[in-house]
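**Student:** Provided herewith: model11.txt, compact mmCIF, N, CA and C atoms.
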```txt
# COMPACT_ATOMS: atom_id res chain seq x y z
N MET A 1 -118.62 -39.46 -97.96
CA MET A 1 -119.29 -39.82 -96.74
C MET A 1 -118.64 -39.14 -95.54
N ASP A 2 -117.32 -39.04 -95.54
CA ASP A 2 -116.60 -38.39 -94.44
C ASP A 2 -117.03 -36.93 -94.28
N MET A 3 -117.23 -36.24 -95.41
CA MET A 3 -117.62 -34.84 -95.36
C MET A 3 -118.96 -34.68 -94.65
N VAL A 4 -119.92 -35.54 -94.98
CA VAL A 4 -121.25 -35.48 -94.36
C VAL A 4 -121.15 -35.77 -92.87
N MET A 5 -120.39 -36.76 -92.49
CA MET A 5 -120.23 -37.11 -91.07
C MET A 5 -119.56 -35.96 -90.31
N LYS A 6 -118.56 -35.32 -90.91
CA LYS A 6 -117.89 -34.19 -90.26
C LYS A 6 -118.85 -33.02 -90.10
N LEU A 7 -119.62 -32.72 -91.16
CA LEU A 7 -120.58 -31.62 -91.08
C LEU A 7 -121.66 -31.94 -90.05
N GLY A 8 -122.07 -33.20 -89.98
CA GLY A 8 -123.09 -33.61 -89.02
C GLY A 8 -122.65 -33.49 -87.57
N ALA A 9 -121.35 -33.44 -87.36
CA ALA A 9 -120.81 -33.34 -86.01
C ALA A 9 -120.46 -31.91 -85.60
N THR A 10 -120.78 -30.93 -86.42
CA THR A 10 -120.37 -29.56 -86.14
C THR A 10 -121.28 -28.82 -85.18
N SER A 11 -122.45 -29.37 -84.89
CA SER A 11 -123.41 -28.68 -84.04
C SER A 11 -124.30 -29.71 -83.35
N GLY A 12 -125.06 -29.26 -82.36
CA GLY A 12 -125.99 -30.15 -81.67
C GLY A 12 -127.02 -30.76 -82.60
N VAL A 13 -127.48 -29.95 -83.57
CA VAL A 13 -128.45 -30.42 -84.56
C VAL A 13 -128.03 -29.92 -85.94
N VAL A 14 -127.94 -30.85 -86.88
CA VAL A 14 -127.63 -30.53 -88.27
C VAL A 14 -128.67 -31.20 -89.15
N ILE A 15 -129.24 -30.42 -90.07
CA ILE A 15 -130.26 -30.96 -90.98
C ILE A 15 -129.78 -30.79 -92.41
N PHE A 16 -129.78 -31.88 -93.15
CA PHE A 16 -129.53 -31.84 -94.58
C PHE A 16 -130.90 -31.82 -95.25
N SER A 17 -131.09 -30.83 -96.11
CA SER A 17 -132.41 -30.55 -96.63
C SER A 17 -132.32 -30.15 -98.10
N LYS A 18 -133.47 -29.89 -98.68
CA LYS A 18 -133.56 -29.24 -99.99
C LYS A 18 -134.57 -28.11 -99.85
N SER A 19 -134.29 -27.00 -100.48
CA SER A 19 -135.14 -25.83 -100.32
C SER A 19 -136.57 -26.07 -100.79
N SER A 20 -136.78 -27.02 -101.68
CA SER A 20 -138.11 -27.29 -102.21
C SER A 20 -138.85 -28.40 -101.45
N CYS A 21 -138.25 -28.94 -100.39
CA CYS A 21 -138.84 -30.08 -99.68
C CYS A 21 -139.68 -29.61 -98.49
N CYS A 22 -140.99 -29.78 -98.61
CA CYS A 22 -141.88 -29.32 -97.53
C CYS A 22 -141.71 -30.16 -96.26
N ILE A 23 -141.36 -31.42 -96.39
CA ILE A 23 -141.14 -32.27 -95.21
C ILE A 23 -139.91 -31.78 -94.45
N SER A 24 -138.86 -31.42 -95.18
CA SER A 24 -137.66 -30.88 -94.54
C SER A 24 -138.00 -29.62 -93.77
N HIS A 25 -138.79 -28.76 -94.37
CA HIS A 25 -139.20 -27.52 -93.71
C HIS A 25 -140.00 -27.83 -92.44
N SER A 26 -140.87 -28.81 -92.51
CA SER A 26 -141.68 -29.19 -91.34
C SER A 26 -140.81 -29.72 -90.21
N ILE A 27 -139.82 -30.53 -90.54
CA ILE A 27 -138.91 -31.07 -89.52
C ILE A 27 -138.09 -29.95 -88.90
N GLU A 28 -137.62 -29.03 -89.72
CA GLU A 28 -136.88 -27.88 -89.21
C GLU A 28 -137.75 -27.07 -88.25
N THR A 29 -139.00 -26.84 -88.62
CA THR A 29 -139.92 -26.09 -87.78
C THR A 29 -140.17 -26.81 -86.45
N LEU A 30 -140.34 -28.12 -86.51
CA LEU A 30 -140.54 -28.91 -85.29
C LEU A 30 -139.34 -28.77 -84.36
N ILE A 31 -138.15 -28.94 -84.88
CA ILE A 31 -136.95 -28.87 -84.05
C ILE A 31 -136.76 -27.47 -83.49
N ARG A 32 -137.04 -26.45 -84.28
CA ARG A 32 -136.95 -25.07 -83.79
C ARG A 32 -137.99 -24.79 -82.71
N SER A 33 -139.12 -25.48 -82.76
CA SER A 33 -140.17 -25.25 -81.76
C SER A 33 -139.72 -25.63 -80.36
N PHE A 34 -138.71 -26.48 -80.24
CA PHE A 34 -138.14 -26.84 -78.95
C PHE A 34 -137.11 -25.82 -78.48
N GLY A 35 -136.74 -24.88 -79.36
CA GLY A 35 -135.75 -23.88 -79.02
C GLY A 35 -134.37 -24.15 -79.59
N ALA A 36 -134.24 -25.22 -80.36
CA ALA A 36 -132.95 -25.55 -80.98
C ALA A 36 -132.72 -24.65 -82.19
N ASN A 37 -131.47 -24.43 -82.51
CA ASN A 37 -131.08 -23.63 -83.66
C ASN A 37 -130.20 -24.51 -84.57
N PRO A 38 -130.83 -25.33 -85.40
CA PRO A 38 -130.04 -26.27 -86.21
C PRO A 38 -129.26 -25.59 -87.32
N ILE A 39 -128.17 -26.21 -87.69
CA ILE A 39 -127.45 -25.81 -88.90
C ILE A 39 -128.13 -26.53 -90.05
N ILE A 40 -128.45 -25.80 -91.10
CA ILE A 40 -129.17 -26.36 -92.24
C ILE A 40 -128.26 -26.33 -93.46
N TYR A 41 -128.15 -27.47 -94.13
CA TYR A 41 -127.44 -27.55 -95.41
C TYR A 41 -128.46 -27.87 -96.49
N GLU A 42 -128.71 -26.89 -97.36
CA GLU A 42 -129.65 -27.07 -98.47
C GLU A 42 -128.87 -27.70 -99.63
N LEU A 43 -129.11 -28.97 -99.88
CA LEU A 43 -128.32 -29.70 -100.87
C LEU A 43 -128.51 -29.19 -102.29
N ASP A 44 -129.68 -28.62 -102.59
CA ASP A 44 -129.92 -28.14 -103.96
C ASP A 44 -129.25 -26.80 -104.23
N THR A 45 -128.73 -26.13 -103.20
CA THR A 45 -128.03 -24.87 -103.41
C THR A 45 -126.57 -24.92 -102.97
N HIS A 46 -126.18 -25.96 -102.28
CA HIS A 46 -124.81 -26.09 -101.79
C HIS A 46 -123.90 -26.54 -102.94
N PRO A 47 -122.69 -25.98 -103.03
CA PRO A 47 -121.78 -26.36 -104.12
C PRO A 47 -121.46 -27.86 -104.17
N ASN A 48 -121.42 -28.51 -103.01
CA ASN A 48 -121.14 -29.95 -102.95
C ASN A 48 -122.40 -30.76 -102.68
N GLY A 49 -123.54 -30.20 -102.99
CA GLY A 49 -124.82 -30.83 -102.67
C GLY A 49 -125.01 -32.22 -103.26
N LYS A 50 -124.62 -32.40 -104.51
CA LYS A 50 -124.78 -33.71 -105.16
C LYS A 50 -123.96 -34.79 -104.45
N GLN A 51 -122.72 -34.44 -104.10
CA GLN A 51 -121.86 -35.40 -103.41
C GLN A 51 -122.41 -35.71 -102.01
N MET A 52 -122.93 -34.68 -101.33
CA MET A 52 -123.48 -34.89 -100.00
C MET A 52 -124.74 -35.76 -100.07
N GLU A 53 -125.57 -35.53 -101.09
CA GLU A 53 -126.77 -36.34 -101.25
C GLU A 53 -126.41 -37.81 -101.49
N LYS A 54 -125.40 -38.04 -102.32
CA LYS A 54 -124.95 -39.41 -102.58
C LYS A 54 -124.44 -40.06 -101.29
N ALA A 55 -123.68 -39.31 -100.51
CA ALA A 55 -123.15 -39.83 -99.25
C ALA A 55 -124.27 -40.16 -98.27
N LEU A 56 -125.29 -39.33 -98.20
CA LEU A 56 -126.43 -39.60 -97.31
C LEU A 56 -127.14 -40.88 -97.73
N MET A 57 -127.27 -41.08 -99.02
CA MET A 57 -127.92 -42.30 -99.50
C MET A 57 -127.07 -43.52 -99.15
N GLU A 58 -125.75 -43.38 -99.23
CA GLU A 58 -124.86 -44.48 -98.86
C GLU A 58 -124.95 -44.79 -97.37
N LEU A 59 -125.31 -43.77 -96.56
CA LEU A 59 -125.48 -43.97 -95.13
C LEU A 59 -126.85 -44.57 -94.78
N GLY A 60 -127.68 -44.74 -95.80
CA GLY A 60 -128.98 -45.37 -95.59
C GLY A 60 -130.17 -44.44 -95.58
N CYS A 61 -129.97 -43.20 -95.95
CA CYS A 61 -131.07 -42.23 -95.98
C CYS A 61 -131.81 -42.35 -97.31
N HIS A 62 -133.00 -42.89 -97.26
CA HIS A 62 -133.84 -43.04 -98.46
C HIS A 62 -135.24 -42.58 -98.10
N PRO A 63 -135.71 -41.44 -98.53
CA PRO A 63 -135.05 -40.48 -99.41
C PRO A 63 -133.88 -39.80 -98.70
N SER A 64 -133.08 -39.10 -99.47
CA SER A 64 -131.86 -38.51 -98.92
C SER A 64 -132.13 -37.34 -97.98
N VAL A 65 -133.25 -36.65 -98.16
CA VAL A 65 -133.60 -35.52 -97.29
C VAL A 65 -135.03 -35.67 -96.79
N PRO A 66 -135.31 -35.17 -95.61
CA PRO A 66 -134.34 -34.60 -94.68
C PRO A 66 -133.52 -35.70 -93.99
N ALA A 67 -132.30 -35.36 -93.68
CA ALA A 67 -131.42 -36.24 -92.89
C ALA A 67 -130.98 -35.42 -91.69
N ILE A 68 -131.20 -35.96 -90.50
CA ILE A 68 -130.99 -35.19 -89.28
C ILE A 68 -129.94 -35.85 -88.40
N PHE A 69 -128.96 -35.04 -88.04
CA PHE A 69 -127.94 -35.44 -87.06
C PHE A 69 -128.26 -34.72 -85.76
N ILE A 70 -128.30 -35.47 -84.67
CA ILE A 70 -128.48 -34.88 -83.34
C ILE A 70 -127.39 -35.46 -82.46
N GLY A 71 -126.65 -34.57 -81.80
CA GLY A 71 -125.57 -35.05 -80.94
C GLY A 71 -124.49 -35.78 -81.70
N LYS A 72 -124.19 -35.31 -82.89
CA LYS A 72 -123.12 -35.85 -83.74
C LYS A 72 -123.41 -37.22 -84.32
N GLU A 73 -124.66 -37.68 -84.20
CA GLU A 73 -125.02 -38.98 -84.74
C GLU A 73 -126.19 -38.84 -85.70
N LEU A 74 -126.17 -39.63 -86.75
CA LEU A 74 -127.27 -39.63 -87.70
C LEU A 74 -128.48 -40.31 -87.06
N VAL A 75 -129.53 -39.52 -86.85
CA VAL A 75 -130.76 -40.06 -86.27
C VAL A 75 -131.60 -40.69 -87.36
N GLY A 76 -131.60 -40.07 -88.55
CA GLY A 76 -132.37 -40.59 -89.67
C GLY A 76 -133.12 -39.48 -90.37
N GLY A 77 -134.29 -39.83 -90.88
CA GLY A 77 -135.09 -38.89 -91.63
C GLY A 77 -136.32 -38.45 -90.88
N ALA A 78 -137.31 -38.00 -91.64
CA ALA A 78 -138.54 -37.47 -91.06
C ALA A 78 -139.27 -38.51 -90.22
N ASN A 79 -139.33 -39.75 -90.69
CA ASN A 79 -140.05 -40.79 -89.94
C ASN A 79 -139.45 -41.00 -88.56
N GLU A 80 -138.14 -41.03 -88.48
CA GLU A 80 -137.49 -41.24 -87.19
C GLU A 80 -137.71 -40.06 -86.25
N ILE A 81 -137.62 -38.85 -86.77
CA ILE A 81 -137.83 -37.66 -85.95
C ILE A 81 -139.27 -37.60 -85.45
N MET A 82 -140.23 -37.86 -86.33
CA MET A 82 -141.63 -37.83 -85.92
C MET A 82 -141.92 -38.92 -84.90
N SER A 83 -141.34 -40.09 -85.07
CA SER A 83 -141.52 -41.18 -84.11
C SER A 83 -140.97 -40.79 -82.74
N LEU A 84 -139.78 -40.22 -82.72
CA LEU A 84 -139.21 -39.76 -81.45
C LEU A 84 -140.10 -38.72 -80.80
N ASN A 85 -140.64 -37.81 -81.59
CA ASN A 85 -141.50 -36.76 -81.06
C ASN A 85 -142.79 -37.34 -80.47
N VAL A 86 -143.42 -38.24 -81.20
CA VAL A 86 -144.68 -38.84 -80.75
C VAL A 86 -144.46 -39.61 -79.43
N ARG A 87 -143.31 -40.27 -79.32
CA ARG A 87 -143.00 -41.03 -78.10
C ARG A 87 -142.46 -40.16 -76.97
N GLY A 88 -142.33 -38.85 -77.22
CA GLY A 88 -141.85 -37.93 -76.20
C GLY A 88 -140.36 -38.00 -75.95
N LYS A 89 -139.60 -38.51 -76.91
CA LYS A 89 -138.16 -38.69 -76.72
C LYS A 89 -137.30 -37.67 -77.46
N LEU A 90 -137.90 -36.89 -78.35
CA LEU A 90 -137.12 -35.93 -79.14
C LEU A 90 -136.54 -34.84 -78.24
N LYS A 91 -137.33 -34.31 -77.33
CA LYS A 91 -136.86 -33.25 -76.45
C LYS A 91 -135.67 -33.71 -75.63
N GLN A 92 -135.74 -34.92 -75.07
CA GLN A 92 -134.63 -35.45 -74.27
C GLN A 92 -133.36 -35.63 -75.11
N LEU A 93 -133.54 -36.06 -76.34
CA LEU A 93 -132.40 -36.22 -77.24
C LEU A 93 -131.75 -34.87 -77.52
N LEU A 94 -132.56 -33.84 -77.72
CA LEU A 94 -132.04 -32.49 -77.96
C LEU A 94 -131.32 -31.95 -76.73
N ILE A 95 -131.84 -32.25 -75.55
CA ILE A 95 -131.20 -31.82 -74.30
C ILE A 95 -129.85 -32.50 -74.14
N ARG A 96 -129.79 -33.82 -74.35
CA ARG A 96 -128.53 -34.55 -74.23
C ARG A 96 -127.48 -34.07 -75.22
N ALA A 97 -127.93 -33.59 -76.38
CA ALA A 97 -127.00 -33.08 -77.40
C ALA A 97 -126.60 -31.63 -77.15
N ASN A 98 -127.08 -31.07 -76.04
CA ASN A 98 -126.84 -29.65 -75.70
C ASN A 98 -127.36 -28.72 -76.79
N ALA A 99 -128.39 -29.15 -77.48
CA ALA A 99 -129.01 -28.30 -78.51
C ALA A 99 -130.06 -27.38 -77.90
N ILE A 100 -130.60 -27.79 -76.74
CA ILE A 100 -131.55 -26.95 -76.01
C ILE A 100 -131.26 -27.07 -74.52
N TRP A 101 -131.74 -26.10 -73.76
CA TRP A 101 -131.63 -26.13 -72.31
C TRP A 101 -133.03 -25.92 -71.76
N VAL A 102 -133.29 -26.55 -70.65
CA VAL A 102 -134.63 -26.43 -70.05
C VAL A 102 -134.63 -25.37 -68.99
```
Hey, can you dump this file as structure tokens for me?

**Tutor:**
Amino acid sequence: MDMVMKLGATSGVVIFSKSSCCISHSIETLIRSFGANPIIYELDTHPNGKQMEKALMELGCHPSVPAIFIGKELVGGANEIMSLNVRGKLKQLLIRANAIWV
């Protein structure tokens, strides 16, 4: 769990994903559309992917991917990101995390 939290704090936006997950790809595309450049960890190709997936599940991510950290904090998965976007709060969260500039 510590490894995932440390990796999640390395950038303004960090996404834990799987290369075969279309929802993960959609979330990445949405975040990039604001101008952010997230760090992506593909769990199915990462050497420690299984351990990271287990840690994400222990943190409450069900399903384990996508899991999104913004501003060094776990925001959640696709549902949380889409909800923030629909309510117009995702952009502000990205700005506060210094992931984008206006």

**Student:** Mind pulling up the distance from atom CA of A:Gly88 to atom N of A:Lys6?

**Tutor:** 27.7 Å

**Student:** Go through A:Ala67, A:Met52, A:Leu30, A:Gly60 and flag the residue nearest A:Ser17, using only N, CA and C atoms for the distances.

**Tutor:**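 Answer, going by the shortest atom-to-atom distance: A:Ala67.
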
**Student:** For each of A:Ile70, A:Val4, A:Met57, A:Leu43, take the minimum atom-to-atom distance to A:Leu84, counting only C-alpha atoms, then give the residue where this is smallest.

**Tutor:** A:Ile70

**Student:** Can you measure atom N of A:Trp101 to atom C of A:Gly35 for me? One decimal in Å is fine.

**Tutor:** 6.7 Å

**Student:** So which residues of chain A fall under alpha helix (DSSP H) by DSSP, listed as a PyMOL selection string?

**Tutor:** chain A and resi 2-8+22-33+49-58+78-86+90-96

**Student:** Write to file, as a tab-separated table (two decimals), in the frame of the given file, the residues of the selection just made, with N, CA and C atoms.

**Tutor:**
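After the write, again.tsv holds the following:
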```
chain	number	residue	atom	x	y	z
A	2	ASP	N	-117.32	-39.04	-95.54
A	2	ASP	CA	-116.60	-38.39	-94.44
A	2	ASP	C	-117.03	-36.93	-94.28
A	3	MET	N	-117.23	-36.24	-95.41
A	3	MET	CA	-117.62	-34.84	-95.36
A	3	MET	C	-118.96	-34.68	-94.65
A	4	VAL	N	-119.92	-35.54	-94.98
A	4	VAL	CA	-121.25	-35.48	-94.36
A	4	VAL	C	-121.15	-35.77	-92.87
A	5	MET	N	-120.39	-36.76	-92.49
A	5	MET	CA	-120.23	-37.11	-91.07
A	5	MET	C	-119.56	-35.96	-90.31
A	6	LYS	N	-118.56	-35.32	-90.91
A	6	LYS	CA	-117.89	-34.19	-90.26
A	6	LYS	C	-118.85	-33.02	-90.10
A	7	LEU	N	-119.62	-32.72	-91.16
A	7	LEU	CA	-120.58	-31.62	-91.08
A	7	LEU	C	-121.66	-31.94	-90.05
A	8	GLY	N	-122.07	-33.20	-89.98
A	8	GLY	CA	-123.09	-33.61	-89.02
A	8	GLY	C	-122.65	-33.49	-87.57
A	22	CYS	N	-140.99	-29.78	-98.61
A	22	CYS	CA	-141.88	-29.32	-97.53
A	22	CYS	C	-141.71	-30.16	-96.26
A	23	ILE	N	-141.36	-31.42	-96.39
A	23	ILE	CA	-141.14	-32.27	-95.21
A	23	ILE	C	-139.91	-31.78	-94.45
A	24	SER	N	-138.86	-31.42	-95.18
A	24	SER	CA	-137.66	-30.88	-94.54
A	24	SER	C	-138.00	-29.62	-93.77
A	25	HIS	N	-138.79	-28.76	-94.37
A	25	HIS	CA	-139.20	-27.52	-93.71
A	25	HIS	C	-140.00	-27.83	-92.44
A	26	SER	N	-140.87	-28.81	-92.51
A	26	SER	CA	-141.68	-29.19	-91.34
A	26	SER	C	-140.81	-29.72	-90.21
A	27	ILE	N	-139.82	-30.53	-90.54
A	27	ILE	CA	-138.91	-31.07	-89.52
A	27	ILE	C	-138.09	-29.95	-88.90
A	28	GLU	N	-137.62	-29.03	-89.72
A	28	GLU	CA	-136.88	-27.88	-89.21
A	28	GLU	C	-137.75	-27.07	-88.25
A	29	THR	N	-139.00	-26.84	-88.62
A	29	THR	CA	-139.92	-26.09	-87.78
A	29	THR	C	-140.17	-26.81	-86.45
A	30	LEU	N	-140.34	-28.12	-86.51
A	30	LEU	CA	-140.54	-28.91	-85.29
A	30	LEU	C	-139.34	-28.77	-84.36
A	31	ILE	N	-138.15	-28.94	-84.88
A	31	ILE	CA	-136.95	-28.87	-84.05
A	31	ILE	C	-136.76	-27.47	-83.49
A	32	ARG	N	-137.04	-26.45	-84.28
A	32	ARG	CA	-136.95	-25.07	-83.79
A	32	ARG	C	-137.99	-24.79	-82.71
A	33	SER	N	-139.12	-25.48	-82.76
A	33	SER	CA	-140.17	-25.25	-81.76
A	33	SER	C	-139.72	-25.63	-80.36
A	49	GLY	N	-123.54	-30.20	-102.99
A	49	GLY	CA	-124.82	-30.83	-102.67
A	49	GLY	C	-125.01	-32.22	-103.26
A	50	LYS	N	-124.62	-32.40	-104.51
A	50	LYS	CA	-124.78	-33.71	-105.16
A	50	LYS	C	-123.96	-34.79	-104.45
A	51	GLN	N	-122.72	-34.44	-104.10
A	51	GLN	CA	-121.86	-35.40	-103.41
A	51	GLN	C	-122.41	-35.71	-102.01
A	52	MET	N	-122.93	-34.68	-101.33
A	52	MET	CA	-123.48	-34.89	-100.00
A	52	MET	C	-124.74	-35.76	-100.07
A	53	GLU	N	-125.57	-35.53	-101.09
A	53	GLU	CA	-126.77	-36.34	-101.25
A	53	GLU	C	-126.41	-37.81	-101.49
A	54	LYS	N	-125.40	-38.04	-102.32
A	54	LYS	CA	-124.95	-39.41	-102.58
A	54	LYS	C	-124.44	-40.06	-101.29
A	55	ALA	N	-123.68	-39.31	-100.51
A	55	ALA	CA	-123.15	-39.83	-99.25
A	55	ALA	C	-124.27	-40.16	-98.27
A	56	LEU	N	-125.29	-39.33	-98.20
A	56	LEU	CA	-126.43	-39.60	-97.31
A	56	LEU	C	-127.14	-40.88	-97.73
A	57	MET	N	-127.27	-41.08	-99.02
A	57	MET	CA	-127.92	-42.30	-99.50
A	57	MET	C	-127.07	-43.52	-99.15
A	58	GLU	N	-125.75	-43.38	-99.23
A	58	GLU	CA	-124.86	-44.48	-98.86
A	58	GLU	C	-124.95	-44.79	-97.37
A	78	ALA	N	-137.31	-38.00	-91.64
A	78	ALA	CA	-138.54	-37.47	-91.06
A	78	ALA	C	-139.27	-38.51	-90.22
A	79	ASN	N	-139.33	-39.75	-90.69
A	79	ASN	CA	-140.05	-40.79	-89.94
A	79	ASN	C	-139.45	-41.00	-88.56
A	80	GLU	N	-138.14	-41.03	-88.48
A	80	GLU	CA	-137.49	-41.24	-87.19
A	80	GLU	C	-137.71	-40.06	-86.25
A	81	ILE	N	-137.62	-38.85	-86.77
A	81	ILE	CA	-137.83	-37.66	-85.95
A	81	ILE	C	-139.27	-37.60	-85.45
A	82	MET	N	-140.23	-37.86	-86.33
A	82	MET	CA	-141.63	-37.83	-85.92
A	82	MET	C	-141.92	-38.92	-84.90
A	83	SER	N	-141.34	-40.09	-85.07
A	83	SER	CA	-141.52	-41.18	-84.11
A	83	SER	C	-140.97	-40.79	-82.74
A	84	LEU	N	-139.78	-40.22	-82.72
A	84	LEU	CA	-139.21	-39.76	-81.45
A	84	LEU	C	-140.10	-38.72	-80.80
A	85	ASN	N	-140.64	-37.81	-81.59
A	85	ASN	CA	-141.50	-36.76	-81.06
A	85	ASN	C	-142.79	-37.34	-80.47
A	86	VAL	N	-143.42	-38.24	-81.20
A	86	VAL	CA	-144.68	-38.84	-80.75
A	86	VAL	C	-144.46	-39.61	-79.43
A	90	LEU	N	-137.90	-36.89	-78.35
A	90	LEU	CA	-137.12	-35.93	-79.14
A	90	LEU	C	-136.54	-34.84	-78.24
A	91	LYS	N	-137.33	-34.31	-77.33
A	91	LYS	CA	-136.86	-33.25	-76.45
A	91	LYS	C	-135.67	-33.71	-75.63
A	92	GLN	N	-135.74	-34.92	-75.07
A	92	GLN	CA	-134.63	-35.45	-74.27
A	92	GLN	C	-133.36	-35.63	-75.11
A	93	LEU	N	-133.54	-36.06	-76.34
A	93	LEU	CA	-132.40	-36.22	-77.24
A	93	LEU	C	-131.75	-34.87	-77.52
A	94	LEU	N	-132.56	-33.84	-77.72
A	94	LEU	CA	-132.04	-32.49	-77.96
A	94	LEU	C	-131.32	-31.95	-76.73
A	95	ILE	N	-131.84	-32.25	-75.55
A	95	ILE	CA	-131.20	-31.82	-74.30
A	95	ILE	C	-129.85	-32.50	-74.14
A	96	ARG	N	-129.79	-33.82	-74.35
A	96	ARG	CA	-128.53	-34.55	-74.23
A	96	ARG	C	-127.48	-34.07	-75.22
```

**Student:** What is the atom C of A:Lys54-atom CA of A:Met5 distance in Å, reported with one decimal?

**Tutor:**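 About the pair atom C of A:Lys54 and atom CA of A:Met5: they are 11.4 Å apart.
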
**Student:** Applying 10 Å and only C-alpha atoms, which residues near A:Glu53 remain after dropping the ones on its own chain fewer than 3 positions away? List them as an MDAnalysis selection string.

**Tutor:** chainID A and resid 1 4 16:18 43:44 48:50 56:59 61 63:65 67

**Student:** In terms of the shortest atom-to-atom distance over only C-alpha atoms, which of A:Arg32, A:Arg96, A:His62, A:Lys91 is closest to A:Ile15?

**Tutor:**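 Closest residue, counting only C-alpha atoms: A:Arg32.
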
**Student:** If the box runs along x, y and z of the file and leaves 6 Å on each side of stretch 41-46 of chain A, what are its centre and edge lengths in Å, one decimal, as AutoDock Vina command-line options?

**Tutor:**
```
--center_x -126.9 --center_y -27.3 --center_z -99.2 --size_x 18.0 --size_y 16.8 --size_z 22.1
```

**Student:** Find, counting all atoms listed in the file, the residue in A:Thr45, A:Pro38, A:Leu94, A:Ile31 that gets nearest to A:Ser19.

**Tutor:**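 Result for the nearest residue to A:Ser19: A:Thr45.
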
**Student:** Identify all residues of chain A in strand (DSSP E or B) (DSSP on the backbone) and supply them as a list in words.

**Tutor:**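 For chain A, the strand (DSSP E or B) set is Val13, Val14, Ile15, Phe16, Ser17, Ile39, Ile40, Tyr41, Glu42, Ala67, Ile68, Phe69, Ile70, Glu73, Leu74, Val75 and Gly76 of chain A.
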
**Student:** Just the selected residues (N, CA and C atoms), exported as a PDB file, in the coordinates of the input, please.

**Tutor:**
```pdb
ATOM      1  N   VAL A  13    -127.480 -29.950 -83.570  1.00  0.00           N
ATOM      2  CA  VAL A  13    -128.450 -30.420 -84.560  1.00  0.00           C
ATOM      3  C   VAL A  13    -128.030 -29.920 -85.940  1.00  0.00           C
ATOM      4  N   VAL A  14    -127.940 -30.850 -86.880  1.00  0.00           N
ATOM      5  CA  VAL A  14    -127.630 -30.530 -88.270  1.00  0.00           C
ATOM      6  C   VAL A  14    -128.670 -31.200 -89.150  1.00  0.00           C
ATOM      7  N   ILE A  15    -129.240 -30.420 -90.070  1.00  0.00           N
ATOM      8  CA  ILE A  15    -130.260 -30.960 -90.980  1.00  0.00           C
ATOM      9  C   ILE A  15    -129.780 -30.790 -92.410  1.00  0.00           C
ATOM     10  N   PHE A  16    -129.780 -31.880 -93.150  1.00  0.00           N
ATOM     11  CA  PHE A  16    -129.530 -31.840 -94.580  1.00  0.00           C
ATOM     12  C   PHE A  16    -130.900 -31.820 -95.250  1.00  0.00           C
ATOM     13  N   SER A  17    -131.090 -30.830 -96.110  1.00  0.00           N
ATOM     14  CA  SER A  17    -132.410 -30.550 -96.630  1.00  0.00           C
ATOM     15  C   SER A  17    -132.320 -30.150 -98.100  1.00  0.00           C
ATOM     16  N   ILE A  39    -128.170 -26.210 -87.690  1.00  0.00           N
ATOM     17  CA  ILE A  39    -127.450 -25.810 -88.900  1.00  0.00           C
ATOM     18  C   ILE A  39    -128.130 -26.530 -90.050  1.00  0.00           C
ATOM     19  N   ILE A  40    -128.450 -25.800 -91.100  1.00  0.00           N
ATOM     20  CA  ILE A  40    -129.170 -26.360 -92.240  1.00  0.00           C
ATOM     21  C   ILE A  40    -128.260 -26.330 -93.460  1.00  0.00           C
ATOM     22  N   TYR A  41    -128.150 -27.470 -94.130  1.00  0.00           N
ATOM     23  CA  TYR A  41    -127.440 -27.550 -95.410  1.00  0.00           C
ATOM     24  C   TYR A  41    -128.460 -27.870 -96.490  1.00  0.00           C
ATOM     25  N   GLU A  42    -128.710 -26.890 -97.360  1.00  0.00           N
ATOM     26  CA  GLU A  42    -129.650 -27.070 -98.470  1.00  0.00           C
ATOM     27  C   GLU A  42    -128.870 -27.700 -99.630  1.00  0.00           C
ATOM     28  N   ALA A  67    -132.300 -35.360 -93.680  1.00  0.00           N
ATOM     29  CA  ALA A  67    -131.420 -36.240 -92.890  1.00  0.00           C
ATOM     30  C   ALA A  67    -130.980 -35.420 -91.690  1.00  0.00           C
ATOM     31  N   ILE A  68    -131.200 -35.960 -90.500  1.00  0.00           N
ATOM     32  CA  ILE A  68    -130.990 -35.190 -89.280  1.00  0.00           C
ATOM     33  C   ILE A  68    -129.940 -35.850 -88.400  1.00  0.00           C
ATOM     34  N   PHE A  69    -128.960 -35.040 -88.040  1.00  0.00           N
ATOM     35  CA  PHE A  69    -127.940 -35.440 -87.060  1.00  0.00           C
ATOM     36  C   PHE A  69    -128.260 -34.720 -85.760  1.00  0.00           C
ATOM     37  N   ILE A  70    -128.300 -35.470 -84.670  1.00  0.00           N
ATOM     38  CA  ILE A  70    -128.480 -34.880 -83.340  1.00  0.00           C
ATOM     39  C   ILE A  70    -127.390 -35.460 -82.460  1.00  0.00           C
ATOM     40  N   GLU A  73    -124.660 -37.680 -84.200  1.00  0.00           N
ATOM     41  CA  GLU A  73    -125.020 -38.980 -84.740  1.00  0.00           C
ATOM     42  C   GLU A  73    -126.190 -38.840 -85.700  1.00  0.00           C
ATOM     43  N   LEU A  74    -126.170 -39.630 -86.750  1.00  0.00           N
ATOM     44  CA  LEU A  74    -127.270 -39.630 -87.700  1.00  0.00           C
ATOM     45  C   LEU A  74    -128.480 -40.310 -87.060  1.00  0.00           C
ATOM     46  N   VAL A  75    -129.530 -39.520 -86.850  1.00  0.00           N
ATOM     47  CA  VAL A  75    -130.760 -40.060 -86.270  1.00  0.00           C
ATOM     48  C   VAL A  75    -131.600 -40.690 -87.360  1.00  0.00           C
ATOM     49  N   GLY A  76    -131.600 -40.070 -88.550  1.00  0.00           N
ATOM     50  CA  GLY A  76    -132.370 -40.590 -89.670  1.00  0.00           C
ATOM     51  C   GLY A  76    -133.120 -39.480 -90.370  1.00  0.00           C
TER      52      GLY A  76
END
```

**Student:** Within 6 Å of stretch 76-82 of chain A, counting only N, CA and C atoms, which residues show up once you throw out same-chain ones fewer than 6 positions away? Write them as a PyMOL selection string, please.

**Tutor:** chain A and resi 66-69
